[in-house]
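Presented below is the structure to which this report refers.
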Amino acid sequence: MTAPGSPAPKLPPLKLLAAAIAREQREQMFYRVGPHGLCIHRAAAFVFDVPGANLVFGTFEPRPAIEREPGDSAVPFIHAWAEYRGCVYAPTTIERTGGALIAQNRAGYYAVNRAHDFRILTRPQLLRLDRQFGLRRVLRLADASCRGGVSFGATLLDAAMVDWKDSKDGGVIPAHVVEGESE
């Protein structure tokens with residue numbers, strides 16, 4: 001655990017995360033694939049790259065309507081990030097931070113995002129799923145798919161016992177959320 005005010009832990013090279021981002025960029029360019037689901041892929045890649053890290057799923061509450069920016073969710077949604085030695089690493093923030101992956105204070109990250117209903121997949125659990133479904137291959141290679149035709153994101157959400165469903169816009173929301181009610 002990192003003590004408050006102490007420097008972030010040193011990370012190993014994030015080769016799989018870099019490969020996953022490169023794959024996303026190719027898919028966005030060639031296939032016009034949208035941004036949804038990036039958090040699961042990127043957070044999983046981080047956990048594969050960093051021994052001791054965990055993949056965390058949680059529900060984020062939407063910001064009040066007056067504070068929302070275009071593209072912000074109007075309903076609670078499920079997000080994924082990684083945690084390592086007491087810090088949060090949210091690889092979907094890389095583009096907003098000039099290409100840097102910044103260690104964030106866990107309590108602050110949770111508070112700002114109004115995060116709750118956490119589910120964790122440890123690195124050993126993720127490695128077992130990789131052996132079964134070929135997850136790392138999916139992160140590295142364009143057009144790669146999981147063994148058995150399973151969905152990368154659905155496999156991880158189900159393994160973490162997240163009660164989820166696809167949203168109308170292609171994101172992931174808690175199964176109990178009815179779109180249109182709080183929008």
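Each chain in the structure tokens gets a letter, A, B, ..., in the order shown, and its residues are numbered from 1; ligands are numbered from 1 in order too.
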8 Å contact set for segment 46-60 of chain A, only C-alpha atoms, chain neighbours under 2 positions out, as a ChimeraX atom specification:
/A:11-17,42-44,62,76-85,91,113-123,126-127,136,157,160,162,173-174
Prev. selection, C-alpha atoms, output as a PDB file, in the first residue's frame:
```
ATOM      1  CA  LEU A  11       5.862   0.237 -12.946  1.00  0.00           C
ATOM      2  CA  PRO A  12       7.384  -2.326 -15.286  1.00  0.00           C
ATOM      3  CA  PRO A  13       7.210  -1.657 -19.046  1.00  0.00           C
ATOM      4  CA  LEU A  14       3.569  -1.607 -20.122  1.00  0.00           C
ATOM      5  CA  LYS A  15       4.050  -3.506 -23.372  1.00  0.00           C
ATOM      6  CA  LEU A  16       0.643  -5.171 -23.573  1.00  0.00           C
ATOM      7  CA  LEU A  17      -1.129  -1.914 -22.713  1.00  0.00           C
ATOM      8  CA  ARG A  42      -6.918  -1.306 -21.187  1.00  0.00           C
ATOM      9  CA  ALA A  43      -7.311  -2.143 -17.493  1.00  0.00           C
ATOM     10  CA  ALA A  44      -6.877  -5.860 -18.220  1.00  0.00           C
ATOM     11  CA  PRO A  62     -23.583  10.171 -13.579  1.00  0.00           C
ATOM     12  CA  PRO A  76     -25.069   4.883 -13.885  1.00  0.00           C
ATOM     13  CA  PHE A  77     -22.480   2.918 -15.857  1.00  0.00           C
ATOM     14  CA  ILE A  78     -19.906   0.221 -15.226  1.00  0.00           C
ATOM     15  CA  HIS A  79     -16.268   1.201 -15.559  1.00  0.00           C
ATOM     16  CA  ALA A  80     -13.020  -0.757 -15.254  1.00  0.00           C
ATOM     17  CA  TRP A  81      -9.631   0.344 -13.943  1.00  0.00           C
ATOM     18  CA  ALA A  82      -6.575  -1.229 -12.349  1.00  0.00           C
ATOM     19  CA  GLU A  83      -5.269  -0.921  -8.816  1.00  0.00           C
ATOM     20  CA  TYR A  84      -1.699  -1.493  -7.782  1.00  0.00           C
ATOM     21  CA  ARG A  85      -0.126  -0.903  -4.377  1.00  0.00           C
ATOM     22  CA  PRO A  91      -5.701   3.714 -18.657  1.00  0.00           C
ATOM     23  CA  ASN A 113     -16.497   9.381  -9.820  1.00  0.00           C
ATOM     24  CA  ARG A 114     -19.072   8.489  -7.167  1.00  0.00           C
ATOM     25  CA  ALA A 115     -17.902   4.894  -7.532  1.00  0.00           C
ATOM     26  CA  HIS A 116     -19.558   1.981  -5.749  1.00  0.00           C
ATOM     27  CA  ASP A 117     -20.444  -1.714  -6.124  1.00  0.00           C
ATOM     28  CA  PHE A 118     -16.868  -2.902  -6.666  1.00  0.00           C
ATOM     29  CA  ARG A 119     -15.903  -6.258  -8.125  1.00  0.00           C
ATOM     30  CA  ILE A 120     -12.290  -7.420  -8.389  1.00  0.00           C
ATOM     31  CA  LEU A 121     -10.428  -9.854 -10.606  1.00  0.00           C
ATOM     32  CA  THR A 122      -6.931 -10.610  -9.373  1.00  0.00           C
ATOM     33  CA  ARG A 123      -4.032 -11.105 -11.762  1.00  0.00           C
ATOM     34  CA  LEU A 126      -7.027 -13.055 -15.139  1.00  0.00           C
ATOM     35  CA  LEU A 127      -4.137 -15.345 -16.097  1.00  0.00           C
ATOM     36  CA  ARG A 136      -3.718 -11.485 -24.231  1.00  0.00           C
ATOM     37  CA  LEU A 157     -17.551  -8.961 -16.329  1.00  0.00           C
ATOM     38  CA  ALA A 160     -16.039 -10.786 -11.672  1.00  0.00           C
ATOM     39  CA  VAL A 162     -20.871  -8.080 -12.252  1.00  0.00           C
ATOM     40  CA  ILE A 173     -24.575  -0.466 -17.348  1.00  0.00           C
ATOM     41  CA  PRO A 174     -25.840  -2.234 -14.232  1.00  0.00           C
TER      42      PRO A 174
END
```
Taking the chain letters and numbering used in this document, name the residues of segment 14-175 of chain A that DSSP puts in strand (DSSP E), as a VMD selection string.
chain A and resid 54 to 60 77 to 84 87 to 89 104 to 105 115 to 122 164 to 166 172 to 174
Excluding Ala154 of chain A and residues on its chain fewer than 3 positions from it, collect all residues at most 10 Å away from it, counting only C-alpha atoms, and give them as a PyMOL selection string.
chain A and resi 37+40+150-151+157-160+162+164-166+172
Nearest-residue call for Ala100 of chain A, choices A:Arg23, A:Val112, A:Arg68, A:Ala18, using only C-alpha atoms
A:Ala18
Residues of segment 30-177 of chain A in helix (DSSP H, G or I) according to DSSP, as a ChimeraX atom specification?
/A:30-31,38-49,65-67,91-97,106-113,123-133,135-140,147-149,152-159
My list of candidates is A:Arg63, A:Gly149, A:Ala74, A:Ile21. Which is closest to Ala111 of chain A when distances are computed with only C-alpha atoms?
A:Arg63
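Residues surrounding Ala8 of chain A within 12 Å are Met1, Thr2, Glu83, Tyr84, Arg85, Gly86, Cys87, Val88, Tyr89, Leu101, Ile102, Ala103, Gln104, Asn105 and Arg106 of chain A [only C-alpha atoms; sequence separation below 6 positions excluded].
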Rank A:Ala65, A:Val75, A:Val177, A:Cys39 by their smallest atom-to-atom distance to Glu24 of chain A, using only C-alpha atoms, and report the top residue only.
A:Cys39
To one decimal in Å, tell me the separation between atom CA of Tyr109 of chain A and atom CA of Ala175 of chain A.
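About the pair atom CA of Tyr109 of chain A and atom CA of Ala175 of chain A: they are 23.5 Å apart.
In this model, the gap between atom CA of Lys10 of chain A and atom CA of Leu141 of chain A comes to 27.2 Å.
Picture a line from atom CA of Gly148 of chain A to atom CA of His176 of chain A; it runs 28.4 Å.
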